[in-house]
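Data file: protein_34.csv. Format and content: CSV, C-alpha atoms.
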chain,number,residue,atom,x,y,z
A,26,MET,CA,-31.1,8.9,31.9
A,27,LEU,CA,-29.8,9.0,28.3
A,28,ASP,CA,-32.1,10.3,25.6
A,29,PRO,CA,-33.0,7.3,23.5
A,30,ARG,CA,-32.3,9.2,20.3
A,31,ARG,CA,-28.9,10.1,21.6
A,32,GLU,CA,-28.3,6.4,22.5
A,33,GLN,CA,-29.3,5.4,18.9
A,34,THR,CA,-27.0,8.0,17.4
A,35,VAL,CA,-24.0,6.8,19.5
A,36,GLY,CA,-24.8,3.2,18.6
A,37,ASN,CA,-25.0,4.0,14.9
A,38,MET,CA,-21.7,5.9,15.0
A,39,ALA,CA,-20.0,2.9,16.7
A,40,GLN,CA,-21.4,0.5,14.2
A,41,LEU,CA,-20.0,2.5,11.3
A,42,GLU,CA,-16.6,3.1,13.0
A,43,ALA,CA,-16.2,-0.6,13.5
A,44,HIS,CA,-15.7,-1.0,9.8
A,45,ARG,CA,-13.3,1.9,9.2
A,46,VAL,CA,-10.1,-0.1,9.0
A,47,ALA,CA,-11.5,-2.7,6.6
A,48,LEU,CA,-13.0,0.0,4.4
A,49,THR,CA,-9.7,1.9,4.4
A,50,GLY,CA,-7.9,-1.2,3.1
A,51,HIS,CA,-10.5,-1.6,0.3
A,52,CYS,CA,-10.2,2.1,-0.7
A,53,TYR,CA,-6.4,1.8,-0.7
A,54,ARG,CA,-6.5,-1.1,-3.1
A,55,MET,CA,-8.8,0.9,-5.3
A,56,LEU,CA,-6.9,4.2,-5.2
A,57,GLY,CA,-3.3,3.3,-4.5
A,58,SER,CA,-2.9,6.0,-1.9
A,59,ALA,CA,-3.3,5.9,1.9
A,60,MET,CA,-4.3,9.5,2.0
A,61,ASP,CA,-6.8,9.2,-0.8
A,62,ALA,CA,-8.2,6.1,0.9
A,63,ASP,CA,-8.7,8.1,4.2
A,64,ASP,CA,-10.6,10.8,2.2
A,65,ALA,CA,-12.8,8.1,0.5
A,66,VAL,CA,-13.6,6.4,3.8
A,67,GLN,CA,-14.6,9.7,5.3
A,68,GLU,CA,-16.9,10.4,2.4
A,69,THR,CA,-18.3,6.9,2.8
A,70,MET,CA,-19.0,7.5,6.5
A,71,VAL,CA,-20.8,10.8,5.6
A,72,ARG,CA,-23.0,9.2,3.0
A,73,ALA,CA,-23.7,6.2,5.3
A,74,TRP,CA,-24.5,8.5,8.2
A,75,LYS,CA,-27.0,10.4,6.1
A,76,SER,CA,-28.7,7.3,5.0
A,77,ILE,CA,-28.5,4.9,8.0
A,78,ALA,CA,-31.9,5.9,9.3
A,79,HIS,CA,-33.3,4.5,6.0
A,80,PHE,CA,-31.1,1.4,6.0
A,81,GLN,CA,-33.6,-1.5,5.9
A,82,GLY,CA,-31.2,-4.3,6.6
A,83,GLN,CA,-31.9,-6.3,3.4
A,84,SER,CA,-28.2,-6.8,3.3
A,85,ALA,CA,-25.5,-6.8,6.0
A,86,LEU,CA,-24.2,-3.5,7.2
A,87,ARG,CA,-20.7,-4.5,6.0
A,88,THR,CA,-22.1,-5.2,2.5
A,89,TRP,CA,-23.9,-1.9,2.4
A,90,LEU,CA,-20.8,0.0,3.4
A,91,TYR,CA,-18.6,-1.6,0.8
A,92,ARG,CA,-21.2,-0.7,-1.8
A,93,ILE,CA,-21.0,2.9,-0.8
A,94,ALA,CA,-17.2,2.9,-0.5
A,95,THR,CA,-16.8,1.3,-3.9
A,96,ASN,CA,-18.9,3.9,-5.6
A,97,VAL,CA,-17.1,6.7,-3.8
A,98,CYS,CA,-13.8,5.3,-5.2
A,99,LEU,CA,-15.3,5.0,-8.7
A,100,ASP,CA,-16.4,8.6,-8.5
A,101,ALA,CA,-12.9,9.6,-7.5
A,102,LEU,CA,-11.2,7.6,-10.2
A,103,ALA,CA,-13.4,9.2,-12.9
A,104,THR,CA,-11.4,12.5,-12.5
A,105,ARG,CA,-7.8,11.3,-11.9
A,106,THR,CA,-5.1,9.2,-13.4
A,107,ARG,CA,-3.8,6.0,-11.9
A,108,ARG,CA,-1.0,5.9,-9.4
A,109,VAL,CA,2.2,4.3,-10.7
A,110,ARG,CA,5.6,3.1,-9.7
A,111,SER,CA,8.8,4.5,-11.3
A,112,ILE,CA,9.8,1.0,-12.3
A,113,ASP,CA,6.7,0.8,-14.5
A,114,GLU,CA,7.3,4.2,-16.2
A,115,ARG,CA,10.8,4.3,-17.5
A,116,PRO,CA,14.0,2.2,-17.9
A,117,ALA,CA,16.5,1.9,-15.0
A,118,GLY,CA,18.7,5.0,-14.7
A,119,LYS,CA,22.5,5.4,-14.8
A,120,MET,CA,24.9,7.3,-12.6
A,121,GLY,CA,24.7,11.0,-13.5
A,122,ASP,CA,21.2,11.0,-14.8
A,123,PRO,CA,19.1,14.0,-13.8
A,124,LEU,CA,16.9,13.6,-10.7
A,125,GLU,CA,13.4,14.8,-11.6
A,126,GLU,CA,10.5,15.0,-9.2
A,127,ARG,CA,6.9,14.3,-10.0
A,128,PRO,CA,3.9,15.4,-7.9
A,129,ARG,CA,3.0,13.2,-4.9
A,130,THR,CA,-0.3,12.4,-6.5
A,131,HIS,CA,1.5,10.7,-9.4
A,132,TRP,CA,3.0,7.9,-7.3
A,133,LEU,CA,1.7,4.7,-5.6
A,134,GLU,CA,2.0,5.2,-1.8
A,135,PRO,CA,2.4,2.7,1.0
A,136,ILE,CA,-0.1,2.4,3.9
A,137,PRO,CA,0.4,1.4,7.5
A,138,ASP,CA,-0.7,-2.2,8.0
A,139,ALA,CA,-2.7,-1.1,11.1
A,140,ARG,CA,-4.8,1.2,9.0
A,141,ALA,CA,-5.7,-1.3,6.4
A,142,ILE,CA,-5.9,-4.7,8.1
A,143,PRO,CA,-8.4,-5.2,10.9
A,144,ASP,CA,-7.0,-6.8,14.1
A,145,ASP,CA,-10.1,-8.8,14.7
A,146,VAL,CA,-10.0,-11.1,11.6
A,147,ASP,CA,-8.9,-14.7,11.7
A,148,PRO,CA,-5.3,-15.6,10.8
A,149,ALA,CA,-6.1,-16.9,7.3
A,150,GLN,CA,-8.0,-13.8,6.4
A,151,ALA,CA,-5.2,-11.6,7.8
A,152,VAL,CA,-2.8,-13.4,5.5
A,153,MET,CA,-4.9,-12.7,2.5
A,154,LEU,CA,-5.5,-9.1,3.4
A,155,ARG,CA,-1.8,-8.5,4.0
A,156,GLN,CA,-1.1,-9.9,0.6
A,157,SER,CA,-3.7,-7.8,-1.0
A,158,VAL,CA,-2.2,-4.5,0.1
A,159,ARG,CA,1.4,-5.3,-1.1
A,160,LEU,CA,2.9,-2.7,-3.4
A,161,ALA,CA,3.4,-5.0,-6.4
A,162,PHE,CA,-0.2,-6.2,-6.2
A,163,VAL,CA,-1.8,-2.7,-5.7
A,164,ALA,CA,0.4,-1.3,-8.5
A,165,ALA,CA,-0.9,-4.0,-10.8
A,166,LEU,CA,-4.4,-3.3,-9.8
A,167,GLN,CA,-3.9,0.3,-11.0
A,168,HIS,CA,-3.5,-1.0,-14.6
A,169,LEU,CA,-7.1,-2.3,-14.5
A,170,PRO,CA,-10.0,-0.1,-15.6
A,171,PRO,CA,-11.8,1.1,-12.4
A,172,ARG,CA,-14.8,-1.2,-12.8
A,173,GLN,CA,-12.7,-4.2,-13.5
A,174,ARG,CA,-10.6,-3.3,-10.4
A,175,ALA,CA,-13.8,-3.0,-8.3
A,176,VAL,CA,-15.2,-6.3,-9.6
A,177,LEU,CA,-12.0,-8.2,-8.9
A,178,LEU,CA,-11.5,-6.8,-5.4
A,179,LEU,CA,-15.2,-7.4,-4.4
A,180,VAL,CA,-15.0,-11.0,-5.6
A,181,GLU,CA,-11.4,-12.1,-4.9
A,182,VAL,CA,-10.6,-10.2,-1.7
A,183,LEU,CA,-14.0,-9.5,-0.1
A,184,GLY,CA,-15.6,-12.8,-1.1
A,185,SER,CA,-18.8,-11.3,-2.7
A,186,SER,CA,-20.8,-13.3,-5.2
A,187,ALA,CA,-21.1,-12.2,-8.8
A,188,ALA,CA,-24.8,-11.5,-8.1
A,189,GLU,CA,-23.9,-9.3,-5.1
A,190,VAL,CA,-21.3,-7.4,-7.2
A,191,ALA,CA,-23.8,-6.9,-10.0
A,192,GLU,CA,-26.2,-5.3,-7.6
A,193,HIS,CA,-23.4,-3.2,-6.1
A,194,LEU,CA,-22.3,-1.8,-9.4
A,195,ASP,CA,-25.6,-1.8,-11.4
A,196,MET,CA,-24.2,-4.5,-13.8
A,197,SER,CA,-25.5,-7.8,-15.1
A,198,VAL,CA,-24.1,-11.0,-13.7
A,199,ALA,CA,-22.7,-11.8,-17.1
A,200,ALA,CA,-20.9,-8.4,-17.3
A,201,VAL,CA,-19.5,-9.0,-13.8
A,202,ASN,CA,-18.1,-12.4,-14.8
A,203,SER,CA,-16.7,-11.0,-18.0
A,204,ALA,CA,-15.0,-8.2,-16.2
A,205,LEU,CA,-13.6,-10.6,-13.6
A,206,GLN,CA,-12.1,-12.8,-16.3
A,207,ARG,CA,-10.4,-9.9,-18.1
A,208,ALA,CA,-9.1,-8.5,-14.8
A,209,ARG,CA,-7.6,-11.9,-13.8
A,210,ALA,CA,-6.0,-12.2,-17.2
A,211,THR,CA,-4.4,-8.8,-17.0
A,212,LEU,CA,-3.0,-9.4,-13.5
A,213,SER,CA,-1.7,-12.8,-14.6
A,214,GLU,CA,0.2,-11.2,-17.5
A,215,ARG,CA,1.7,-8.8,-15.0
A,216,LYS,CA,2.6,-11.7,-12.7
A,217,ALA,CA,0.6,-10.2,-9.8
A,218,TYR,CA,-1.4,-13.3,-9.3
A,219,GLN,CA,-0.5,-17.0,-9.1
A,220,GLY,CA,-3.0,-19.9,-9.3
A,221,ALA,CA,-4.3,-21.0,-5.9
A,222,SER,CA,-6.8,-23.6,-6.9
A,223,ALA,CA,-8.8,-24.6,-9.9
A,224,GLY,CA,-10.5,-21.5,-11.3
A,225,ALA,CA,-9.2,-19.3,-8.5
A,226,THR,CA,-6.3,-16.9,-8.0
A,227,SER,CA,-4.7,-15.2,-5.0
A,228,PRO,CA,-2.1,-12.4,-4.6
A,229,ALA,CA,1.3,-13.8,-5.0
A,230,GLY,CA,3.9,-13.9,-2.2
A,231,ALA,CA,4.2,-15.2,1.3
A,232,SER,CA,2.2,-13.5,3.9
A,233,GLN,CA,4.7,-13.1,6.7
A,234,LEU,CA,8.4,-13.3,7.2
A,235,ASP,CA,9.8,-16.7,7.9
A,236,ALA,CA,12.8,-17.1,10.3
A,237,GLU,CA,15.4,-16.8,7.5
A,238,GLN,CA,13.7,-13.6,6.2
A,239,ALA,CA,13.5,-12.1,9.7
A,240,ARG,CA,17.3,-12.6,10.0
A,241,LEU,CA,17.7,-11.0,6.6
A,242,VAL,CA,15.9,-7.9,7.7
A,243,ASP,CA,17.9,-7.8,11.0
A,244,ARG,CA,21.1,-8.0,8.9
A,245,TYR,CA,19.8,-5.2,6.6
A,246,VAL,CA,19.2,-2.9,9.6
A,247,ASP,CA,22.7,-3.6,11.0
A,248,ALA,CA,24.4,-3.1,7.7
A,249,PHE,CA,22.5,0.1,6.9
A,250,GLU,CA,23.0,1.7,10.3
A,251,ARG,CA,26.8,0.9,10.2
A,252,TYR,CA,26.7,2.0,6.5
A,253,ASP,CA,28.6,-1.1,5.5
A,254,MET,CA,27.7,-1.3,1.8
A,255,ASP,CA,29.7,-4.4,1.2
A,256,ALA,CA,27.7,-6.3,3.9
A,257,LEU,CA,24.5,-4.8,2.6
A,258,ALA,CA,25.3,-5.9,-1.0
A,259,THR,CA,25.4,-9.5,0.2
A,260,LEU,CA,21.7,-9.3,1.1
A,261,LEU,CA,20.6,-8.2,-2.3
A,262,HIS,CA,19.4,-10.0,-5.4
A,263,ASP,CA,21.7,-9.5,-8.4
A,264,ASP,CA,18.9,-7.6,-10.2
A,265,VAL,CA,17.7,-5.7,-7.1
A,266,LYS,CA,15.9,-2.4,-7.6
A,267,LEU,CA,16.2,0.9,-5.7
A,268,SER,CA,13.4,3.5,-6.3
A,269,MET,CA,13.0,6.9,-4.6
A,270,PRO,CA,9.6,8.5,-5.2
A,271,PRO,CA,8.7,11.3,-5.8
A,272,ILE,CA,11.9,11.2,-7.8
A,273,ASP,CA,11.3,9.2,-11.0
A,274,PHE,CA,14.9,8.0,-11.2
A,275,TRP,CA,15.5,4.3,-10.2
A,276,LEU,CA,18.4,1.9,-10.3
A,277,GLN,CA,18.8,-1.8,-10.9
A,278,GLY,CA,21.7,-4.2,-10.0
A,279,LYS,CA,24.0,-4.5,-7.0
A,280,PRO,CA,27.0,-2.8,-8.5
A,281,ILE,CA,25.3,0.5,-9.4
A,282,ILE,CA,23.2,0.6,-6.3
A,283,ARG,CA,26.4,0.1,-4.1
A,284,GLN,CA,28.1,2.8,-6.2
A,285,TRP,CA,25.1,5.1,-5.7
A,286,MET,CA,25.0,4.5,-1.9
A,287,ILE,CA,28.6,5.4,-1.4
A,288,GLY,CA,28.4,8.3,-3.9
A,289,PRO,CA,25.4,10.5,-4.3
A,290,GLY,CA,23.6,8.7,-1.4
A,291,HIS,CA,26.4,9.0,1.1
A,292,GLY,CA,24.3,11.5,3.1
A,293,CYS,CA,22.5,8.5,4.5
A,294,ARG,CA,25.6,7.5,6.4
A,295,GLY,CA,24.9,7.6,10.2
A,296,SER,CA,21.1,7.1,9.7
A,297,ARG,CA,18.9,5.4,12.3
A,298,LEU,CA,16.0,3.1,11.3
A,299,LEU,CA,12.7,2.6,13.2
A,300,ARG,CA,10.8,-0.5,12.3
A,301,THR,CA,7.2,-0.7,11.1
A,302,SER,CA,5.1,-2.6,8.6
A,303,ALA,CA,3.8,-1.0,5.5
A,304,SER,CA,1.6,-2.5,2.8
A,305,GLY,CA,2.1,-6.0,4.2
A,306,LEU,CA,5.9,-5.6,4.0
A,307,PRO,CA,8.8,-4.9,6.4
A,308,ALA,CA,9.4,-1.2,6.5
A,309,PHE,CA,11.5,1.4,8.3
A,310,ALA,CA,11.4,5.1,9.1
A,311,GLN,CA,14.8,6.4,8.1
A,312,TYR,CA,16.2,9.4,10.1
A,313,ARG,CA,19.3,11.0,8.7
A,314,ALA,CA,21.9,12.6,10.9
A,315,ALA,CA,21.4,16.4,11.1
A,316,PRO,CA,24.3,18.8,11.1
A,317,GLU,CA,23.0,20.5,14.3
A,318,GLY,CA,22.7,17.2,16.1
A,319,GLY,CA,20.1,14.5,16.3
A,320,HIS,CA,18.3,12.9,13.4
A,321,LYS,CA,15.7,14.2,11.0
A,322,PRO,CA,13.1,12.4,8.9
A,323,TRP,CA,14.3,11.4,5.5
A,324,ALA,CA,12.5,8.4,4.0
A,325,LEU,CA,10.1,5.5,4.6
A,326,ILE,CA,11.9,2.4,3.4
A,327,VAL,CA,9.8,-0.5,2.3
A,328,LEU,CA,11.5,-3.8,1.5
A,329,GLU,CA,10.2,-6.4,-1.0
A,330,LEU,CA,11.8,-9.8,-0.4
A,331,GLU,CA,12.2,-12.8,-2.7
A,332,GLY,CA,13.4,-15.9,-0.9
A,333,ASP,CA,16.4,-15.0,1.2
A,334,ARG,CA,17.3,-11.8,-0.6
A,335,ILE,CA,16.0,-8.3,-1.0
A,336,ALA,CA,14.5,-7.7,-4.4
A,337,HIS,CA,13.4,-4.1,-4.1
A,338,MET,CA,14.2,-1.2,-1.8
A,339,ASN,CA,11.4,1.4,-2.0
A,340,ASN,CA,12.6,4.6,-0.5
A,341,PHE,CA,9.6,7.0,-0.2
A,342,LEU,CA,11.2,10.4,0.3
A,343,ASP,CA,8.0,12.3,1.2
A,344,ALA,CA,8.7,12.0,4.9
A,345,ALA,CA,6.7,15.1,5.7
A,346,ALA,CA,3.5,13.4,4.7
A,347,LEU,CA,4.3,9.8,5.5
A,348,PHE,CA,5.9,10.0,9.0
A,349,PRO,CA,2.8,11.5,10.6
A,350,LEU,CA,0.6,8.9,8.8
A,351,PHE,CA,2.7,6.2,10.4
A,352,GLY,CA,2.9,7.9,13.8
A,353,PHE,CA,6.6,8.5,13.8
A,354,PRO,CA,8.2,11.5,15.8
A,355,PRO,CA,9.3,14.6,13.9
A,356,SER,CA,12.9,14.0,15.0
A,357,LEU,CA,15.2,11.7,17.1
A,358,PRO,CA,17.5,13.0,19.8

Rewrite the structure from the file as structure tokens, please.
Amino acid sequence: MLDPRREQTVGNMAQLEAHRVALTGHCYRMLGSAMDADDAVQETMVRAWKSIAHFQGQSALRTWLYRIATNVCLDALATRTRRVRSIDERPAGKMGDPLEERPRTHWLEPIPDARAIPDDVDPAQAVMLRQSVRLAFVAALQHLPPRQRAVLLLVEVLGSSAAEVAEHLDMSVAAVNSALQRARATLSERKAYQGASAGATSPAGASQLDAEQARLVDRYVDAFERYDMDALATLLHDDVKLSMPPIDFWLQGKPIIRQWMIGPGHGCRGSRLLRTSASGLPAFAQYRAAPEGGHKPWALIVLELEGDRIAHMNNFLDAAALFPLFGFPPSLP
């Protein structure tokens, strides 16, 4: 017969773990880093575990956990700078520009969809959650002061009322509404939001690939693995962007990107791509051909699409950190 106290402990742990994925998505939106989000959720679980015996149930467990997680993130943001994208920091580069690296902690990072979007939500909510972890939206969030960021996410993404958020963050309802208005205005200026209904906003962009975009992605994989840059160029917007964090250099426009790919980037010839989904977007683990045979990790490629063309190729080169996060093997035969 199980010890009743042990049964309660196991039950409490299961209750907390059931919210891990949703909390990770929330912390990722706040912090802009999958790894920082994991750390924040772990701290949230520790704090919740220590206090769950005293949890009185005046609010739902979910609400209580989001309150803890939000404050963990605000504590973390008090001692660090915001994550950024290279396209927000400097003008587009030119052939021959020096390639300078910045620390991993400087850059916005992608997150596996499976770690941020629970699989037990209804389809409409899954659409909204997928939109809310997209790179452009999360990057725009990083331009908000931390409390404005928290207010906007709690109201717009998690559906909390202004009164609930005021209680979460020890603010007045008037202060919450003011912060929400300012946050919406900032994101609107950055074109991260588009009106959804009167007085409401939603993250811009379609939630999933339509049939034409799915074919576009298939053609991208085929052109890249054949390293046919003429075919790949036909899939790109005229003002397409190519970024390569942690390198702060980025390029814009089909001609220069094609020139780069067949010049300095020619080492990618012979690569293999494994599909995944990152930050609500189509993504690929890129393995470059190794001189000794087989293929070695090189980059996580995340594509941003606009209509029937590719608008941004995000090549995250920190494969040593990202491939284990996404569950990819250390090499391909």

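Among the candidate residues A:Ile281, A:Leu267, A:Ala161, A:Val176, the one lying nearest to Ser197 (chain A) is A:Val176, with distances computed using all atoms listed in the file.
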
| Out of A:Ala62, A:Ala303, A:Cys293, A:Leu234, which residue has the shortest atom-to-atom distance to His320 (chain A) when counting all atoms listed in the file? | A:Cys293

| request: Choose the residue, out of A:Glu331, A:Ala256, A:Pro135, A:Leu178, that has the smallest atom-to-atom separation from Phe309 (chain A); count all atoms listed in the file. | output: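 Nearest candidate to Phe309 (chain A) out of A:Glu331, A:Ala256, A:Pro135, A:Leu178: A:Pro135.
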
| For Leu90 (chain A), which of A:Met60, A:Leu133, A:His51, A:Arg172 is the closest residue, counting only C-alpha atoms? |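 The answer is A:His51, which sits nearest to Leu90 (chain A).
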
| Near region 183-188 of chain A, within 7 Å and counting all atoms listed in the file, which residues show up once chain neighbours fewer than 5 positions away are dropped, as a list in words? | Leu178, Val198, Val201 and Asn202 of chain A

| task | Mind checking which residues fall within 9 Å of region 262-264 of chain A, counting all atoms listed in the file, ignoring those fewer than 5 positions away in the same chain, and posting them as a ChimeraX atom specification? | result | /A:277-280,331,333-337

Six-sided padding of 5 Å per side, axis-aligned box over region 155-166 of chain A, centre and edges in Å, one decimal, as AutoDock Vina command-line options:
--center_x -0.5 --center_y -5.6 --center_z -3.4 --size_x 17.8 --size_y 18.6 --size_z 24.8

| task | Do a neighbour search on region 95-104 of chain A at 9 Å with all atoms listed in the file, toss out local chain neighbours closer than 4 positions, and write the hits as a PyMOL selection string. | result | chain A and resi 51-52+55-56+62+65-66+68-69+90-91+171-172+175+179+193-194

Same residues, C-alpha atoms, output as a short mmCIF file (atom, residue, chain, number, x, y, z; two decimals), keeping the file's coordinate frame:
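Result written to selection-v5.cif:
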data_model
loop_
_atom_site.label_atom_id
_atom_site.label_comp_id
_atom_site.auth_asym_id
_atom_site.auth_seq_id
_atom_site.Cartn_x
_atom_site.Cartn_y
_atom_site.Cartn_z
CA HIS A 51 -10.50 -1.60 0.30
CA CYS A 52 -10.20 2.10 -0.70
CA MET A 55 -8.80 0.90 -5.30
CA LEU A 56 -6.90 4.20 -5.20
CA ALA A 62 -8.20 6.10 0.90
CA ALA A 65 -12.80 8.10 0.50
CA VAL A 66 -13.60 6.40 3.80
CA GLU A 68 -16.90 10.40 2.40
CA THR A 69 -18.30 6.90 2.80
CA LEU A 90 -20.80 0.00 3.40
CA TYR A 91 -18.60 -1.60 0.80
CA PRO A 171 -11.80 1.10 -12.40
CA ARG A 172 -14.80 -1.20 -12.80
CA ALA A 175 -13.80 -3.00 -8.30
CA LEU A 179 -15.20 -7.40 -4.40
CA HIS A 193 -23.40 -3.20 -6.10
CA LEU A 194 -22.30 -1.80 -9.40
#

| request: Please measure the separation of CA of Glu134 (chain A) and CA of Met38 (chain A), giving the value in Å to one decimal. | output: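 Between CA of Glu134 (chain A) and CA of Met38 (chain A) the gap is 29.1 Å.
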
Which neighbours of Trp89 (chain A) fall inside 12 Å, counting all atoms listed in the file, when residues of the same chain fewer than 2 positions from it are skipped, and could you give them as an mmCIF file with C-alpha atoms, in the frame of the given file?
data_model
loop_
_atom_site.group_PDB
_atom_site.id
_atom_site.type_symbol
_atom_site.label_atom_id
_atom_site.label_comp_id
_atom_site.auth_asym_id
_atom_site.auth_seq_id
_atom_site.Cartn_x
_atom_site.Cartn_y
_atom_site.Cartn_z
ATOM 1 C CA LEU A 41 -20.000 2.500 11.300
ATOM 2 C CA HIS A 44 -15.700 -1.000 9.800
ATOM 3 C CA LEU A 48 -13.000 0.000 4.400
ATOM 4 C CA THR A 69 -18.300 6.900 2.800
ATOM 5 C CA MET A 70 -19.000 7.500 6.500
ATOM 6 C CA ARG A 72 -23.000 9.200 3.000
ATOM 7 C CA ALA A 73 -23.700 6.200 5.300
ATOM 8 C CA TRP A 74 -24.500 8.500 8.200
ATOM 9 C CA SER A 76 -28.700 7.300 5.000
ATOM 10 C CA ILE A 77 -28.500 4.900 8.000
ATOM 11 C CA HIS A 79 -33.300 4.500 6.000
ATOM 12 C CA PHE A 80 -31.100 1.400 6.000
ATOM 13 C CA GLN A 81 -33.600 -1.500 5.900
ATOM 14 C CA GLY A 82 -31.200 -4.300 6.600
ATOM 15 C CA GLN A 83 -31.900 -6.300 3.400
ATOM 16 C CA SER A 84 -28.200 -6.800 3.300
ATOM 17 C CA ALA A 85 -25.500 -6.800 6.000
ATOM 18 C CA LEU A 86 -24.200 -3.500 7.200
ATOM 19 C CA ARG A 87 -20.700 -4.500 6.000
ATOM 20 C CA TYR A 91 -18.600 -1.600 0.800
ATOM 21 C CA ARG A 92 -21.200 -0.700 -1.800
ATOM 22 C CA ILE A 93 -21.000 2.900 -0.800
ATOM 23 C CA ALA A 94 -17.200 2.900 -0.500
ATOM 24 C CA THR A 95 -16.800 1.300 -3.900
ATOM 25 C CA ASN A 96 -18.900 3.900 -5.600
ATOM 26 C CA SER A 185 -18.800 -11.300 -2.700
ATOM 27 C CA GLU A 189 -23.900 -9.300 -5.100
ATOM 28 C CA VAL A 190 -21.300 -7.400 -7.200
ATOM 29 C CA GLU A 192 -26.200 -5.300 -7.600
ATOM 30 C CA HIS A 193 -23.400 -3.200 -6.100
ATOM 31 C CA LEU A 194 -22.300 -1.800 -9.400
#

| said: Measuring between only C-alpha atoms, which one of A:Lys119, A:Arg127, A:Arg155, A:Arg105 shows the shortest distance to Ser302 (chain A)? | reply: A:Arg155

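Closest approach to Arg140 (chain A) from the set A:Leu350, A:Ala39, A:Met254, A:Ala324 is made by A:Leu350, with distances taken over all atoms listed in the file.
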
Can you fill out region 241-254 of chain A with N, CA, C and O atoms and hand it back as a PDB file, in the frame of the given file?
ATOM      1  N   LEU A 241      17.304 -11.896   7.710  1.00  0.00           N
ATOM      2  CA  LEU A 241      17.700 -11.000   6.600  1.00  0.00           C
ATOM      3  C   LEU A 241      17.427  -9.572   6.912  1.00  0.00           C
ATOM      4  O   LEU A 241      18.274  -8.691   6.707  1.00  0.00           O
ATOM      5  N   VAL A 242      16.234  -9.312   7.418  1.00  0.00           N
ATOM      6  CA  VAL A 242      15.900  -7.900   7.700  1.00  0.00           C
ATOM      7  C   VAL A 242      16.725  -7.397   8.880  1.00  0.00           C
ATOM      8  O   VAL A 242      17.162  -6.238   8.852  1.00  0.00           O
ATOM      9  N   ASP A 243      17.006  -8.222   9.886  1.00  0.00           N
ATOM     10  CA  ASP A 243      17.900  -7.800  11.000  1.00  0.00           C
ATOM     11  C   ASP A 243      19.272  -7.429  10.429  1.00  0.00           C
ATOM     12  O   ASP A 243      19.871  -6.420  10.842  1.00  0.00           O
ATOM     13  N   ARG A 244      19.788  -8.240   9.508  1.00  0.00           N
ATOM     14  CA  ARG A 244      21.100  -8.000   8.900  1.00  0.00           C
ATOM     15  C   ARG A 244      21.085  -6.695   8.088  1.00  0.00           C
ATOM     16  O   ARG A 244      22.062  -5.943   8.037  1.00  0.00           O
ATOM     17  N   TYR A 245      19.947  -6.453   7.419  1.00  0.00           N
ATOM     18  CA  TYR A 245      19.800  -5.200   6.600  1.00  0.00           C
ATOM     19  C   TYR A 245      19.917  -3.996   7.559  1.00  0.00           C
ATOM     20  O   TYR A 245      20.639  -3.032   7.255  1.00  0.00           O
ATOM     21  N   VAL A 246      19.190  -4.019   8.667  1.00  0.00           N
ATOM     22  CA  VAL A 246      19.200  -2.900   9.600  1.00  0.00           C
ATOM     23  C   VAL A 246      20.635  -2.678  10.118  1.00  0.00           C
ATOM     24  O   VAL A 246      21.141  -1.543  10.154  1.00  0.00           O
ATOM     25  N   ASP A 247      21.295  -3.758  10.504  1.00  0.00           N
ATOM     26  CA  ASP A 247      22.700  -3.600  11.000  1.00  0.00           C
ATOM     27  C   ASP A 247      23.600  -3.066   9.989  1.00  0.00           C
ATOM     28  O   ASP A 247      24.374  -2.139  10.273  1.00  0.00           O
ATOM     29  N   ALA A 248      23.551  -3.575   8.751  1.00  0.00           N
ATOM     30  CA  ALA A 248      24.400  -3.100   7.700  1.00  0.00           C
ATOM     31  C   ALA A 248      24.152  -1.641   7.350  1.00  0.00           C
ATOM     32  O   ALA A 248      25.077  -0.836   7.144  1.00  0.00           O
ATOM     33  N   PHE A 249      22.874  -1.271   7.298  1.00  0.00           N
ATOM     34  CA  PHE A 249      22.500   0.100   6.900  1.00  0.00           C
ATOM     35  C   PHE A 249      22.953   1.092   7.985  1.00  0.00           C
ATOM     36  O   PHE A 249      23.530   2.144   7.669  1.00  0.00           O
ATOM     37  N   GLU A 250      22.682   0.764   9.244  1.00  0.00           N
ATOM     38  CA  GLU A 250      23.000   1.700  10.300  1.00  0.00           C
ATOM     39  C   GLU A 250      24.544   1.843  10.464  1.00  0.00           C
ATOM     40  O   GLU A 250      25.042   2.908  10.854  1.00  0.00           O
ATOM     41  N   ARG A 251      25.289   0.773  10.163  1.00  0.00           N
ATOM     42  CA  ARG A 251      26.800   0.900  10.200  1.00  0.00           C
ATOM     43  C   ARG A 251      27.259   1.464   8.847  1.00  0.00           C
ATOM     44  O   ARG A 251      28.436   1.800   8.729  1.00  0.00           O
ATOM     45  N   TYR A 252      26.381   1.559   7.886  1.00  0.00           N
ATOM     46  CA  TYR A 252      26.700   2.000   6.500  1.00  0.00           C
ATOM     47  C   TYR A 252      27.801   1.172   5.901  1.00  0.00           C
ATOM     48  O   TYR A 252      28.735   1.683   5.276  1.00  0.00           O
ATOM     49  N   ASP A 253      27.658  -0.142   6.079  1.00  0.00           N
ATOM     50  CA  ASP A 253      28.600  -1.100   5.500  1.00  0.00           C
ATOM     51  C   ASP A 253      27.957  -1.607   4.198  1.00  0.00           C
ATOM     52  O   ASP A 253      27.181  -2.552   4.199  1.00  0.00           O
ATOM     53  N   MET A 254      28.315  -0.969   3.097  1.00  0.00           N
ATOM     54  CA  MET A 254      27.700  -1.300   1.800  1.00  0.00           C
ATOM     55  C   MET A 254      28.140  -2.634   1.255  1.00  0.00           C
ATOM     56  O   MET A 254      27.425  -3.262   0.471  1.00  0.00           O
TER      57      MET A 254
END
